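This is input21.cif. It holds mmCIF, C-alpha atoms and all ligand atoms.
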data_structure
loop_
_atom_site.label_atom_id
_atom_site.label_comp_id
_atom_site.auth_asym_id
_atom_site.auth_seq_id
_atom_site.Cartn_x
_atom_site.Cartn_y
_atom_site.Cartn_z
CA MET A 6 -35.46 61.35 42.03
CA ALA A 7 -34.24 59.28 44.98
CA ASN A 8 -32.67 61.09 47.90
CA ASN A 9 -29.00 60.03 47.78
CA PHE A 10 -27.85 62.28 50.61
CA TYR A 11 -27.27 59.26 52.84
CA ASP A 12 -25.41 57.11 50.33
CA PHE A 13 -22.08 56.86 52.09
CA ALA A 14 -21.27 53.29 51.09
CA ALA A 15 -19.13 54.10 48.04
CA GLU A 16 -17.05 56.63 49.98
CA LEU A 17 -16.52 54.16 52.83
CA ARG A 18 -15.51 51.43 50.35
CA GLN A 19 -13.00 53.80 48.81
CA LEU A 20 -11.45 54.57 52.21
CA GLU A 21 -11.13 50.86 52.81
CA GLN A 22 -9.49 50.31 49.41
CA ASP A 23 -7.01 53.12 50.12
CA ASN A 24 -6.12 51.62 53.52
CA LEU A 25 -7.46 54.77 55.14
CA TYR A 26 -10.42 53.23 56.91
CA ARG A 27 -10.23 53.65 60.68
CA ARG A 28 -11.54 51.13 63.17
CA ARG A 29 -12.06 51.61 66.86
CA ARG A 30 -11.27 48.90 69.36
CA VAL A 31 -13.10 48.61 72.63
CA VAL A 32 -10.91 48.75 75.74
CA HIS A 33 -12.22 47.08 78.87
CA GLY A 34 -10.94 48.34 82.19
CA PRO A 35 -8.64 51.20 83.09
CA GLN A 36 -6.14 53.03 80.93
CA GLY A 37 -2.58 52.02 81.58
CA ILE A 38 0.31 50.08 80.10
CA MET A 39 -1.66 46.85 79.89
CA LEU A 40 -4.96 47.20 78.09
CA ASN A 41 -7.67 44.58 77.95
CA VAL A 42 -8.97 44.54 74.40
CA ASP A 43 -11.69 41.98 73.86
CA GLY A 44 -10.23 39.59 76.39
CA ARG A 45 -6.64 39.99 75.17
CA GLN A 46 -3.98 41.79 77.17
CA LEU A 47 -2.04 44.21 74.96
CA ILE A 48 0.99 46.31 75.87
CA ASN A 49 -0.03 49.86 75.11
CA PHE A 50 2.43 51.94 73.07
CA CYS A 51 -0.04 54.41 71.60
CA SER A 52 -1.45 56.49 74.42
CA ASN A 53 -0.65 60.10 75.29
CA ASP A 54 -0.65 59.30 79.01
CA TYR A 55 3.07 60.09 79.01
CA LEU A 56 3.58 60.21 82.75
CA GLY A 57 1.22 57.37 83.62
CA LEU A 58 -1.17 59.60 85.56
CA ALA A 59 -4.47 58.59 83.94
CA SER A 60 -4.97 55.88 86.55
CA HIS A 61 -2.73 57.28 89.30
CA PRO A 62 -4.30 56.56 92.72
CA ASP A 63 -4.01 60.19 93.93
CA VAL A 64 -5.63 61.48 90.74
CA ALA A 65 -8.41 58.90 90.88
CA ALA A 66 -9.04 59.64 94.58
CA ALA A 67 -9.25 63.38 93.89
CA PHE A 68 -11.73 62.69 91.09
CA LYS A 69 -13.97 60.61 93.37
CA ALA A 70 -13.79 63.16 96.17
CA GLY A 71 -14.61 65.84 93.57
CA VAL A 72 -17.80 64.03 92.58
CA ASP A 73 -18.84 63.79 96.23
CA ARG A 74 -18.24 67.49 96.71
CA TYR A 75 -19.41 68.96 93.39
CA GLY A 76 -21.64 66.35 91.77
CA VAL A 77 -21.10 65.08 88.25
CA GLY A 78 -22.27 67.68 85.74
CA SER A 79 -21.21 71.31 85.99
CA GLY A 80 -24.71 72.51 85.15
CA SER A 81 -23.92 75.20 82.61
CA ALA A 82 -21.25 77.28 80.93
CA HIS A 83 -18.63 79.07 83.04
CA LEU A 84 -20.29 82.43 82.47
CA ILE A 85 -23.69 81.21 83.65
CA CYS A 86 -23.38 79.18 86.86
CA GLY A 87 -20.87 76.43 85.94
CA HIS A 88 -17.64 78.03 87.19
CA SER A 89 -16.91 76.25 90.48
CA SER A 90 -14.26 76.85 93.11
CA ALA A 91 -12.50 73.73 91.77
CA HIS A 92 -12.17 75.30 88.29
CA HIS A 93 -11.09 78.56 89.81
CA ALA A 94 -8.42 76.95 91.99
CA LEU A 95 -7.08 74.93 89.05
CA GLU A 96 -6.83 78.06 86.91
CA GLU A 97 -4.88 79.81 89.65
CA GLU A 98 -2.56 76.83 90.08
CA LEU A 99 -1.95 76.55 86.33
CA ALA A 100 -1.21 80.28 86.15
CA ALA A 101 1.33 79.90 88.97
CA PHE A 102 2.88 76.79 87.40
CA THR A 103 3.27 78.49 84.01
CA GLU A 104 4.34 81.77 85.68
CA ARG A 105 1.62 83.77 83.94
CA ASP A 106 -0.90 86.29 85.19
CA ARG A 107 -3.80 84.00 84.53
CA ALA A 108 -4.98 80.76 82.98
CA LEU A 109 -8.36 79.91 81.49
CA LEU A 110 -9.82 76.41 81.28
CA PHE A 111 -11.38 75.09 78.10
CA SER A 112 -13.26 71.83 77.78
CA THR A 113 -10.78 70.34 75.29
CA GLY A 114 -7.60 71.32 73.50
CA TYR A 115 -9.49 71.29 70.24
CA MET A 116 -11.92 73.85 71.57
CA ALA A 117 -9.17 75.98 73.10
CA ASN A 118 -7.40 76.24 69.77
CA LEU A 119 -10.55 77.00 67.82
CA GLY A 120 -11.70 79.55 70.36
CA VAL A 121 -8.46 81.40 70.98
CA ILE A 122 -7.33 81.83 67.36
CA SER A 123 -10.75 82.81 66.07
CA ALA A 124 -11.16 85.29 68.93
CA LEU A 125 -7.88 87.07 68.30
CA LEU A 126 -7.99 87.46 64.51
CA GLY A 127 -10.52 88.47 61.90
CA ARG A 128 -10.85 89.42 58.27
CA GLY A 129 -7.87 91.48 57.08
CA ASP A 130 -5.47 89.84 59.56
CA THR A 131 -2.96 87.06 58.88
CA VAL A 132 -2.43 83.74 60.61
CA LEU A 133 0.87 81.94 59.98
CA GLU A 134 0.88 78.26 60.75
CA ASP A 135 3.45 75.48 60.52
CA ARG A 136 2.36 73.11 57.78
CA LEU A 137 2.29 70.19 60.24
CA ASN A 138 0.29 71.94 62.96
CA HIS A 139 -2.43 69.98 64.70
CA ALA A 140 -5.80 69.97 62.95
CA SER A 141 -7.36 72.11 65.68
CA LEU A 142 -4.82 74.90 65.14
CA LEU A 143 -5.39 74.80 61.38
CA ASP A 144 -9.15 74.76 61.86
CA GLY A 145 -8.92 77.69 64.29
CA GLY A 146 -6.98 79.65 61.68
CA LEU A 147 -9.57 78.89 58.99
CA LEU A 148 -12.44 79.76 61.31
CA SER A 149 -10.90 83.14 62.12
CA ARG A 150 -11.30 84.28 58.47
CA ALA A 151 -7.84 85.81 58.59
CA ARG A 152 -5.54 85.29 55.62
CA PHE A 153 -4.32 81.74 56.16
CA GLN A 154 -0.67 81.07 55.45
CA ARG A 155 1.19 77.85 56.08
CA TYR A 156 4.98 77.90 56.26
CA ARG A 157 7.22 74.90 55.66
CA HIS A 158 7.62 72.64 58.67
CA VAL A 159 9.95 74.25 61.28
CA GLU A 160 11.51 76.44 58.56
CA VAL A 161 12.24 79.76 60.15
CA GLU A 162 13.29 81.42 56.88
CA ASP A 163 9.98 80.60 55.25
CA LEU A 164 8.18 81.99 58.29
CA ARG A 165 10.31 85.15 58.08
CA ALA A 166 9.44 85.65 54.40
CA LYS A 167 5.73 85.17 55.05
CA LEU A 168 5.77 87.45 58.09
CA SER A 169 7.34 90.23 56.08
CA THR A 170 4.35 90.32 53.72
CA ALA A 171 1.65 89.73 56.35
CA ALA A 172 -1.35 92.04 56.31
CA GLY A 173 -3.20 93.36 59.35
CA LYS A 174 -2.49 91.81 62.73
CA ALA A 175 -0.29 88.74 62.39
CA LEU A 176 -0.34 85.69 64.65
CA VAL A 177 2.27 82.93 64.46
CA VAL A 178 0.82 79.61 65.53
CA SER A 179 2.66 76.36 66.16
CA ASP A 180 2.62 73.07 67.98
CA GLY A 181 5.41 73.01 70.59
CA VAL A 182 6.03 69.30 70.09
CA PHE A 183 4.62 68.11 66.77
CA SER A 184 2.04 65.50 67.49
CA MET A 185 2.82 63.07 64.68
CA ASP A 186 6.58 63.66 64.33
CA GLY A 187 7.66 64.31 67.91
CA ASP A 188 10.07 67.09 66.91
CA LEU A 189 10.13 70.58 68.40
CA ALA A 190 9.23 73.98 67.05
CA PRO A 191 12.35 76.17 66.70
CA LEU A 192 10.99 78.32 69.48
CA PRO A 193 13.87 80.73 70.26
CA ALA A 194 14.05 81.82 66.60
CA MET A 195 10.25 82.10 66.40
CA VAL A 196 10.16 84.31 69.50
CA GLU A 197 12.70 86.63 67.93
CA LEU A 198 10.88 86.76 64.60
CA ALA A 199 7.51 87.43 66.19
CA GLU A 200 9.02 90.29 68.19
CA GLN A 201 10.79 91.78 65.16
CA HIS A 202 7.57 91.76 63.16
CA HIS A 203 5.29 92.84 66.03
CA ALA A 204 3.32 89.64 65.60
CA GLY A 205 1.56 87.55 68.22
CA LEU A 206 2.89 84.10 69.08
CA LEU A 207 0.70 81.17 70.13
CA ILE A 208 2.28 77.86 71.10
CA ASP A 209 0.20 74.75 71.66
CA ASP A 210 2.36 72.66 73.98
CA ALA A 211 -0.08 69.75 74.17
CA HIS A 212 2.69 67.15 73.98
CA GLY A 213 5.44 69.02 75.82
CA PHE A 214 3.64 70.44 78.83
CA GLY A 215 4.33 68.33 81.91
CA VAL A 216 6.91 66.26 80.02
CA LEU A 217 9.69 68.56 78.83
CA GLY A 218 11.90 70.62 81.13
CA LYS A 219 13.21 69.58 84.52
CA ASN A 220 10.02 70.72 86.22
CA GLY A 221 7.63 69.76 83.44
CA GLY A 222 7.25 73.36 82.31
CA GLY A 223 7.21 72.15 78.71
CA ILE A 224 8.88 73.59 75.66
CA VAL A 225 9.24 77.04 77.24
CA GLU A 226 11.27 75.60 80.11
CA HIS A 227 13.15 73.28 77.74
CA PHE A 228 14.52 76.27 75.83
CA GLY A 229 15.07 78.36 78.97
CA LEU A 230 12.60 81.00 77.76
CA SER A 231 10.31 83.13 79.89
CA GLN A 232 6.59 83.80 79.98
CA ASP A 233 7.05 87.06 78.03
CA ASP A 234 8.60 85.15 75.14
CA VAL A 235 5.47 83.06 74.55
CA PRO A 236 2.56 85.36 75.37
CA ILE A 237 -0.14 82.83 74.42
CA LEU A 238 0.48 79.33 75.75
CA ILE A 239 -1.95 76.47 75.31
CA GLY A 240 -1.66 73.28 77.31
CA THR A 241 -3.87 70.22 77.23
CA LEU A 242 -4.79 68.13 80.25
CA GLY A 243 -5.71 64.82 78.57
CA LYS A 244 -2.09 63.87 77.85
CA ALA A 245 0.71 64.18 80.45
CA PHE A 246 -1.83 65.27 83.07
CA GLY A 247 -3.85 62.10 82.47
CA THR A 248 -7.23 63.82 82.86
CA PHE A 249 -9.24 65.93 80.41
CA GLY A 250 -9.52 69.51 79.22
CA ALA A 251 -7.14 72.28 78.28
CA PHE A 252 -6.10 75.78 79.23
CA VAL A 253 -4.65 78.93 77.80
CA ALA A 254 -2.21 80.92 79.93
CA GLY A 255 -1.20 84.52 79.41
CA SER A 256 -1.68 88.09 80.50
CA GLU A 257 -4.58 89.41 82.51
CA ASP A 258 -5.98 91.24 79.48
CA LEU A 259 -5.62 88.28 77.13
CA ILE A 260 -7.59 86.04 79.46
CA GLU A 261 -10.23 88.67 80.16
CA MET A 262 -10.64 89.19 76.41
CA LEU A 263 -11.06 85.45 75.81
CA ILE A 264 -13.68 85.20 78.53
CA GLN A 265 -15.66 87.85 76.68
CA ILE A 266 -15.39 86.61 73.10
CA ALA A 267 -13.93 83.11 72.66
CA ARG A 268 -17.00 81.33 71.36
CA SER A 269 -15.89 77.83 72.33
CA TYR A 270 -15.47 79.13 75.88
CA VAL A 271 -18.64 81.15 76.14
CA PHE A 272 -21.07 78.78 74.49
CA THR A 273 -20.26 75.43 76.06
CA THR A 274 -20.80 73.57 79.31
CA ALA A 275 -17.92 73.80 81.78
CA LEU A 276 -15.84 70.69 82.46
CA PRO A 277 -17.11 68.63 85.38
CA ALA A 278 -15.61 70.17 88.51
CA ALA A 279 -14.40 66.71 89.57
CA VAL A 280 -12.17 66.68 86.48
CA ALA A 281 -10.68 69.95 87.68
CA GLU A 282 -10.09 68.39 91.11
CA ALA A 283 -8.40 65.37 89.49
CA THR A 284 -6.24 67.71 87.42
CA ARG A 285 -5.19 69.62 90.54
CA ALA A 286 -3.98 66.29 91.95
CA SER A 287 -2.14 65.56 88.66
CA LEU A 288 -0.40 68.88 88.86
CA ARG A 289 0.82 68.02 92.35
CA VAL A 290 2.04 64.56 91.29
CA LEU A 291 3.67 65.96 88.20
CA GLN A 292 5.68 68.35 90.37
CA SER A 293 6.52 65.96 93.21
CA GLU A 294 7.34 62.86 91.13
CA SER A 295 10.00 64.21 88.78
CA TRP A 296 11.35 60.64 88.46
CA ARG A 297 8.52 60.10 85.96
CA ARG A 298 10.10 62.52 83.48
CA GLU A 299 13.53 60.97 84.04
CA GLN A 300 12.24 57.43 83.57
CA LEU A 301 10.47 58.49 80.38
CA GLN A 302 13.69 59.96 78.98
CA ASN A 303 15.60 56.74 79.86
CA LEU A 304 13.07 54.64 77.99
CA ILE A 305 13.13 56.96 74.97
CA ARG A 306 16.93 56.80 74.81
CA ARG A 307 16.87 53.01 75.13
CA PHE A 308 14.31 52.69 72.35
CA ARG A 309 16.16 55.00 69.98
CA GLN A 310 19.44 53.21 70.52
CA GLY A 311 17.88 49.80 69.87
CA ALA A 312 15.88 51.06 66.90
CA ARG A 313 18.95 52.62 65.30
CA GLN A 314 20.83 49.33 65.66
CA GLN A 315 17.96 47.65 63.80
CA GLY A 316 18.07 50.28 61.07
CA LEU A 317 14.52 51.53 61.69
CA GLN A 318 13.67 54.87 60.15
CA LEU A 319 13.27 57.17 63.14
CA MET A 320 12.43 60.86 63.11
CA ASP A 321 14.23 63.81 64.66
CA SER A 322 12.56 63.43 68.05
CA PHE A 323 13.72 62.97 71.62
CA THR A 324 10.19 63.32 72.99
CA ALA A 325 7.75 60.61 74.03
CA ILE A 326 6.46 60.50 70.43
CA GLN A 327 8.74 58.18 68.46
CA PRO A 328 7.39 57.52 64.98
CA VAL A 329 8.84 54.79 62.79
CA LEU A 330 8.43 55.90 59.20
CA ILE A 331 6.97 53.36 56.79
CA GLY A 332 5.66 55.41 53.85
CA ASP A 333 2.91 53.30 52.36
CA SER A 334 -0.41 53.26 54.23
CA GLY A 335 -1.07 49.58 53.49
CA GLN A 336 2.33 48.54 54.84
CA ALA A 337 1.83 50.64 57.96
CA VAL A 338 -1.49 48.91 58.62
CA VAL A 339 0.10 45.48 58.12
CA ALA A 340 2.97 46.34 60.49
CA SER A 341 0.52 47.56 63.14
CA GLN A 342 -1.50 44.35 62.72
CA ARG A 343 1.62 42.20 63.09
CA LEU A 344 2.52 44.03 66.29
CA LEU A 345 -1.00 43.44 67.54
CA GLU A 346 -0.63 39.73 66.89
CA GLN A 347 2.49 39.82 69.08
CA GLY A 348 0.61 41.62 71.86
CA PHE A 349 1.61 45.25 71.21
CA TRP A 350 -0.77 48.08 70.45
CA VAL A 351 0.85 50.68 68.20
CA SER A 352 -1.26 52.74 65.85
CA ALA A 353 -0.63 53.17 62.15
CA ILE A 354 -0.96 56.87 61.33
CA ARG A 355 -2.02 57.57 57.78
CA PRO A 356 -3.16 60.50 55.63
CA PRO A 357 -4.86 62.87 56.13
CA THR A 358 -3.36 62.93 59.64
CA VAL A 359 0.11 62.92 58.03
CA PRO A 360 1.16 63.91 54.48
CA ALA A 361 0.64 61.38 51.68
CA GLY A 362 3.41 58.81 51.45
CA SER A 363 4.53 59.29 55.06
CA ALA A 364 2.42 56.72 56.89
CA ARG A 365 4.07 55.60 60.08
CA LEU A 366 3.85 53.68 63.28
CA ARG A 367 3.41 56.25 66.03
CA ILE A 368 5.00 54.76 69.10
CA THR A 369 4.51 56.65 72.34
CA PHE A 370 6.14 56.02 75.67
CA SER A 371 4.97 56.34 79.22
CA ALA A 372 6.92 56.62 82.46
CA ASN A 373 5.09 53.46 83.51
CA HIS A 374 6.67 51.31 80.78
CA THR A 375 9.56 49.09 81.83
CA GLU A 376 12.88 48.61 80.05
CA GLN A 377 11.86 44.99 79.42
CA GLN A 378 8.72 46.16 77.63
CA VAL A 379 10.77 48.49 75.43
CA ASP A 380 13.15 45.66 74.55
CA ALA A 381 10.23 43.37 73.79
CA LEU A 382 8.74 46.04 71.52
CA LEU A 383 12.02 46.28 69.62
CA ASP A 384 12.02 42.50 69.10
CA ALA A 385 8.43 42.62 67.91
CA LEU A 386 9.21 45.49 65.51
CA ALA A 387 12.01 43.47 63.97
CA LYS A 388 9.45 40.79 63.11
CA ALA A 389 6.65 43.15 62.10
CA LEU A 390 8.33 45.49 59.63
CA PRO A 391 8.50 44.77 55.91
N1 LIG A 401 -3.23 70.11 70.15
C1 LIG A 401 -2.42 69.09 69.82
C2 LIG A 401 -1.04 69.39 69.36
C3 LIG A 401 -2.91 67.78 69.93
O1 LIG A 401 -2.13 66.76 69.60
C4 LIG A 401 -4.22 67.56 70.40
C5 LIG A 401 -4.80 66.18 70.63
N2 LIG A 401 -4.38 65.16 69.93
C6 LIG A 401 -5.02 68.66 70.68
C7 LIG A 401 -4.49 69.91 70.57
C8 LIG A 401 -6.43 68.48 71.10
O2 LIG A 401 -6.51 68.31 72.46
P1 LIG A 401 -7.79 67.60 73.07
O3 LIG A 401 -7.58 66.14 72.87
O4 LIG A 401 -7.79 68.02 74.50
O5 LIG A 401 -8.96 68.11 72.30
#

Would you mind writing the structure in this file as structure tokens?
Ligand code: PMP
Amino acid sequence: MANNFYDFAAELRQLEQDNLYRRRRVVHGPQGIMLNVDGRQLINFCSNDYLGLASHPDVAAAFKAGVDRYGVGSGSAHLICGHSSAHHALEEELAAFTERDRALLFSTGYMANLGVISALLGRGDTVLEDRLNHASLLDGGLLSRARFQRYRHVEVEDLRAKLSTAAGKALVVSDGVFSMDGDLAPLPAMVELAEQHHAGLLIDDAHGFGVLGKNGGGIVEHFGLSQDDVPILIGTLGKAFGTFGAFVAGSEDLIEMLIQIARSYVFTTALPAAVAEATRASLRVLQSESWRREQLQNLIRRFRQGARQQGLQLMDSFTAIQPVLIGDSGQAVVASQRLLEQGFWVSAIRPPTVPAGSARLRITFSANHTEQQVDALLDALAKALP
């Protein structure tokens, strides 16, 4: 019998027929508001570079100086010989910024979420996750082998009911800002519930950290909460920080435990030290240039006002993630294509990234956009939508 292991063609054709096929485009030149895509200049409304730091001169200079000082590769895992003074300094600065005992760097947010959740839970325990959590949080929960329970999106009463029947150790896990909807976790109520039920609480603030709160302290600052309220905080560095990597911040013992047993920490090469140096520069810019957060909020308000006037279907979000709901995957792809033809890059987000029937344009804003670009996007949307 023929070996049909490699016969992927039918599956790929099916994805194409269902409008779920994904294509990459090649970007030439630096990340920023204007992207050169195959010789065409597109206005970028789909990046997570919310504060415009990915090509910030201070961040780029720190990266180059980091290469001169530390070389390119980090050589090994942190626990072997890859943990440089640049990593160490960044961890200390992130701990201070988040007002925690310690912070621990991971190579990506995906790996942080896999590593932390699977380290803290095992068979006989329970992990409770918002239904719309990021894939890496869901995968971390599955990997842990704990009983896996999803509660309805941001529904505190459903979480309460599930917590009251949880077995073993229980960990509540949620995005801070939901990555495809832009709305917030109901954090104050979750803090209270986790305390009442003696459960752990892990918040992945990938899209809030650096952006929300006057000082960029993220969802915790936004709600006026303290470090004790969210004992396990994850932040990613590839979004508002404009660099790469992630961290978990928490108590001395939590971090020491993760260093011992988080498999995606122990068994992987450390980030290049130059990336840590670049991120240290980002952290400084993020603190000194608070106008970036204010400008971002102005642009978001302007967009929402214009979009409402046009009758676009917005979601309950005041963050940099502003989805326009379309529903049908095919129509979302067509709308994205029509925007592209007008010079705007906005991605169509389809299942399985979002639930069936809720395909959308995921528009994201950066502090480096101008008001004119937002207005031009609104005009283009009016022409692009069905
Ligand atoms: N958490 C959330 C909520 C995310 O949106 C993402 C990235 N899209 C990640 C984690 C993964 O982070 P990274 O890209 O650093 O792997």

Box dimensions and centre (Å, one decimal) enclosing range 371-384 of chain A, axis-aligned, 5 Å extra per side, as lines of an AutoDock Vina configuration file:
center_x = 9.1
center_y = 49.6
center_z = 76.3
size_x = 18.2
size_y = 24.1
size_z = 24.4

Name the residues, using the chain letters and numbers of the file, that sit within 9 Å of (1.1, 66.1, 64.1) when counting only C-alpha atoms, and give them as a ChimeraX atom specification.
-> /A:137-140,180,182-187,358-359

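Distances here use all atoms listed in the file; by that measure, the residue among A:Trp296, A:Phe323, A:Phe111, A:Phe272 closest to ligand LIG 401 (chain A) is A:Phe111.
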
Close residues to ligand LIG 401 (chain A) using all atoms listed in the file, limit 10 Å, as a PDB file with C-alpha atoms, in the frame of the given file:
ATOM      1  CA  ASN A  53      -0.650  60.100  75.290  1.00  0.00           C
ATOM      2  CA  PHE A 111     -11.380  75.090  78.100  1.00  0.00           C
ATOM      3  CA  SER A 112     -13.260  71.830  77.780  1.00  0.00           C
ATOM      4  CA  THR A 113     -10.780  70.340  75.290  1.00  0.00           C
ATOM      5  CA  GLY A 114      -7.600  71.320  73.500  1.00  0.00           C
ATOM      6  CA  TYR A 115      -9.490  71.290  70.240  1.00  0.00           C
ATOM      7  CA  MET A 116     -11.920  73.850  71.570  1.00  0.00           C
ATOM      8  CA  ALA A 117      -9.170  75.980  73.100  1.00  0.00           C
ATOM      9  CA  ASN A 118      -7.400  76.240  69.770  1.00  0.00           C
ATOM     10  CA  LEU A 119     -10.550  77.000  67.820  1.00  0.00           C
ATOM     11  CA  LEU A 137       2.290  70.190  60.240  1.00  0.00           C
ATOM     12  CA  ASN A 138       0.290  71.940  62.960  1.00  0.00           C
ATOM     13  CA  HIS A 139      -2.430  69.980  64.700  1.00  0.00           C
ATOM     14  CA  ALA A 140      -5.800  69.970  62.950  1.00  0.00           C
ATOM     15  CA  SER A 141      -7.360  72.110  65.680  1.00  0.00           C
ATOM     16  CA  LEU A 142      -4.820  74.900  65.140  1.00  0.00           C
ATOM     17  CA  SER A 179       2.660  76.360  66.160  1.00  0.00           C
ATOM     18  CA  ASP A 180       2.620  73.070  67.980  1.00  0.00           C
ATOM     19  CA  GLY A 181       5.410  73.010  70.590  1.00  0.00           C
ATOM     20  CA  VAL A 182       6.030  69.300  70.090  1.00  0.00           C
ATOM     21  CA  PHE A 183       4.620  68.110  66.770  1.00  0.00           C
ATOM     22  CA  SER A 184       2.040  65.500  67.490  1.00  0.00           C
ATOM     23  CA  MET A 185       2.820  63.070  64.680  1.00  0.00           C
ATOM     24  CA  ILE A 208       2.280  77.860  71.100  1.00  0.00           C
ATOM     25  CA  ASP A 209       0.200  74.750  71.660  1.00  0.00           C
ATOM     26  CA  ASP A 210       2.360  72.660  73.980  1.00  0.00           C
ATOM     27  CA  ALA A 211      -0.080  69.750  74.170  1.00  0.00           C
ATOM     28  CA  HIS A 212       2.690  67.150  73.980  1.00  0.00           C
ATOM     29  CA  GLY A 213       5.440  69.020  75.820  1.00  0.00           C
ATOM     30  CA  ILE A 239      -1.950  76.470  75.310  1.00  0.00           C
ATOM     31  CA  GLY A 240      -1.660  73.280  77.310  1.00  0.00           C
ATOM     32  CA  THR A 241      -3.870  70.220  77.230  1.00  0.00           C
ATOM     33  CA  LEU A 242      -4.790  68.130  80.250  1.00  0.00           C
ATOM     34  CA  GLY A 243      -5.710  64.820  78.570  1.00  0.00           C
ATOM     35  CA  LYS A 244      -2.090  63.870  77.850  1.00  0.00           C
ATOM     36  CA  THR A 248      -7.230  63.820  82.860  1.00  0.00           C
ATOM     37  CA  PHE A 249      -9.240  65.930  80.410  1.00  0.00           C
ATOM     38  CA  GLY A 250      -9.520  69.510  79.220  1.00  0.00           C
ATOM     39  CA  ALA A 251      -7.140  72.280  78.280  1.00  0.00           C
ATOM     40  CA  PHE A 252      -6.100  75.780  79.230  1.00  0.00           C
TER      41      PHE A 252
END

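Here the question is which of A:Ser52, A:Ser293, A:Ser81, A:Thr103 gets nearest to Leu40 in chain A using all atoms listed in the file, and that residue is A:Ser52.
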
Top pick for closest residue to Arg30 in chain A, considering A:Ala267, A:Leu17, A:Leu47, A:Ile85 and counting all atoms listed in the file | A:Leu47

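Between CA of Leu164 in chain A and CA of Gln201 in chain A lies a distance of 12.2 Å.
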
List every protein, DNA or RNA residue that has an atom no more than 8 Å from (-4.7, 49.2, 88.7) in the file's coordinate frame, counting all atoms listed in the file, and report them as a list in words.
-> Pro35, Gly37 and Ser60 of chain A

A straight line from CA of Ile266 in chain A to CA of Val132 in chain A spans 18.2 Å

8 Å contact set for Ile237 in chain A, only C-alpha atoms, chain neighbours under 2 positions out, as a list in words = Gly205, Leu206, Leu207, Ile208, Val235, Ile239, Val253, Ala254 and Gly255 of chain A

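You will find CA of Tyr270 in chain A at 10.2 Å from CA of Ala124 in chain A.
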
Cut-off 12 Å: closest range 10-108 of chain A/range 367-386 of chain A atom pairs per residue, using all atoms listed in the file, as JSON lines:
{"residue": "A:Gln36", "atom": "CA", "partner": "A:Asn373", "partner_atom": "CA", "distance": 11.5}
{"residue": "A:Gly37", "atom": "CA", "partner": "A:Asn373", "partner_atom": "CA", "distance": 8.0}
{"residue": "A:Ile38", "atom": "CA", "partner": "A:His374", "partner_atom": "CA", "distance": 6.5}
{"residue": "A:Met39", "atom": "CA", "partner": "A:His374", "partner_atom": "CA", "distance": 9.5}
{"residue": "A:Leu47", "atom": "CA", "partner": "A:Gln378", "partner_atom": "CA", "distance": 11.3}
{"residue": "A:Ile48", "atom": "CA", "partner": "A:Gln378", "partner_atom": "CA", "distance": 7.9}
{"residue": "A:Asn49", "atom": "CA", "partner": "A:Thr369", "partner_atom": "CA", "distance": 8.6}
{"residue": "A:Phe50", "atom": "CA", "partner": "A:Thr369", "partner_atom": "CA", "distance": 5.2}
{"residue": "A:Cys51", "atom": "CA", "partner": "A:Thr369", "partner_atom": "CA", "distance": 5.1}
{"residue": "A:Ser52", "atom": "CA", "partner": "A:Thr369", "partner_atom": "CA", "distance": 6.3}
{"residue": "A:Asn53", "atom": "CA", "partner": "A:Thr369", "partner_atom": "CA", "distance": 6.9}
{"residue": "A:Asp54", "atom": "CA", "partner": "A:Ser371", "partner_atom": "CA", "distance": 6.4}
{"residue": "A:Tyr55", "atom": "CA", "partner": "A:Ser371", "partner_atom": "CA", "distance": 4.2}
{"residue": "A:Leu56", "atom": "CA", "partner": "A:Ala372", "partner_atom": "CA", "distance": 4.9}
{"residue": "A:Gly57", "atom": "CA", "partner": "A:Asn373", "partner_atom": "CA", "distance": 5.5}
{"residue": "A:Leu58", "atom": "CA", "partner": "A:Asn373", "partner_atom": "CA", "distance": 9.0}
{"residue": "A:Ala59", "atom": "CA", "partner": "A:Ser371", "partner_atom": "CA", "distance": 10.8}
{"residue": "A:Ser60", "atom": "CA", "partner": "A:Asn373", "partner_atom": "CA", "distance": 10.8}
{"residue": "A:His61", "atom": "CA", "partner": "A:Asn373", "partner_atom": "CA", "distance": 10.5}

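For Val64 in chain A, the set of protein, DNA and RNA residues having any atom at most 7 Å away, when counting only C-alpha atoms and skipping those fewer than 4 positions along the same chain, is Phe68, Ala283, Ala286 and Ser287 of chain A.
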
Could you turn the residues from that selection into a file that holds C-alpha atoms, as a CSV table (one decimal), in the frame of the given file?
chain,number,residue,atom,x,y,z
A,68,PHE,CA,-11.7,62.7,91.1
A,283,ALA,CA,-8.4,65.4,89.5
A,286,ALA,CA,-4.0,66.3,92.0
A,287,SER,CA,-2.1,65.6,88.7

Polymer residues at most 8 Å from Leu217 in chain A, all atoms listed in the file, same-chain spacing of 4 or more positions, as a CSV table (one decimal) with C-alpha atoms, in the frame of the given file:
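Contents of the output file out-v4.csv:
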chain,number,residue,atom,x,y,z
A,213,GLY,CA,5.4,69.0,75.8
A,221,GLY,CA,7.6,69.8,83.4
A,222,GLY,CA,7.2,73.4,82.3
A,223,GLY,CA,7.2,72.2,78.7
A,224,ILE,CA,8.9,73.6,75.7
A,226,GLU,CA,11.3,75.6,80.1
A,227,HIS,CA,13.2,73.3,77.7
A,298,ARG,CA,10.1,62.5,83.5
A,324,THR,CA,10.2,63.3,73.0

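Shortest atom-to-atom contact with Leu176 in chain A among A:Ala364, A:Leu198, A:Val161, A:Met320: A:Leu198, counting all atoms listed in the file.
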
Considering all atoms listed in the file, return as a PyMOL selection string whatever protein or nucleic-acid residues lie within 10 Å of range 91-99 of chain A, sequence-local ones (same chain, fewer than 6 positions apart) excluded.
-> chain A and resi 71+74-75+83+105-110+240+252-254+275-286+288-289
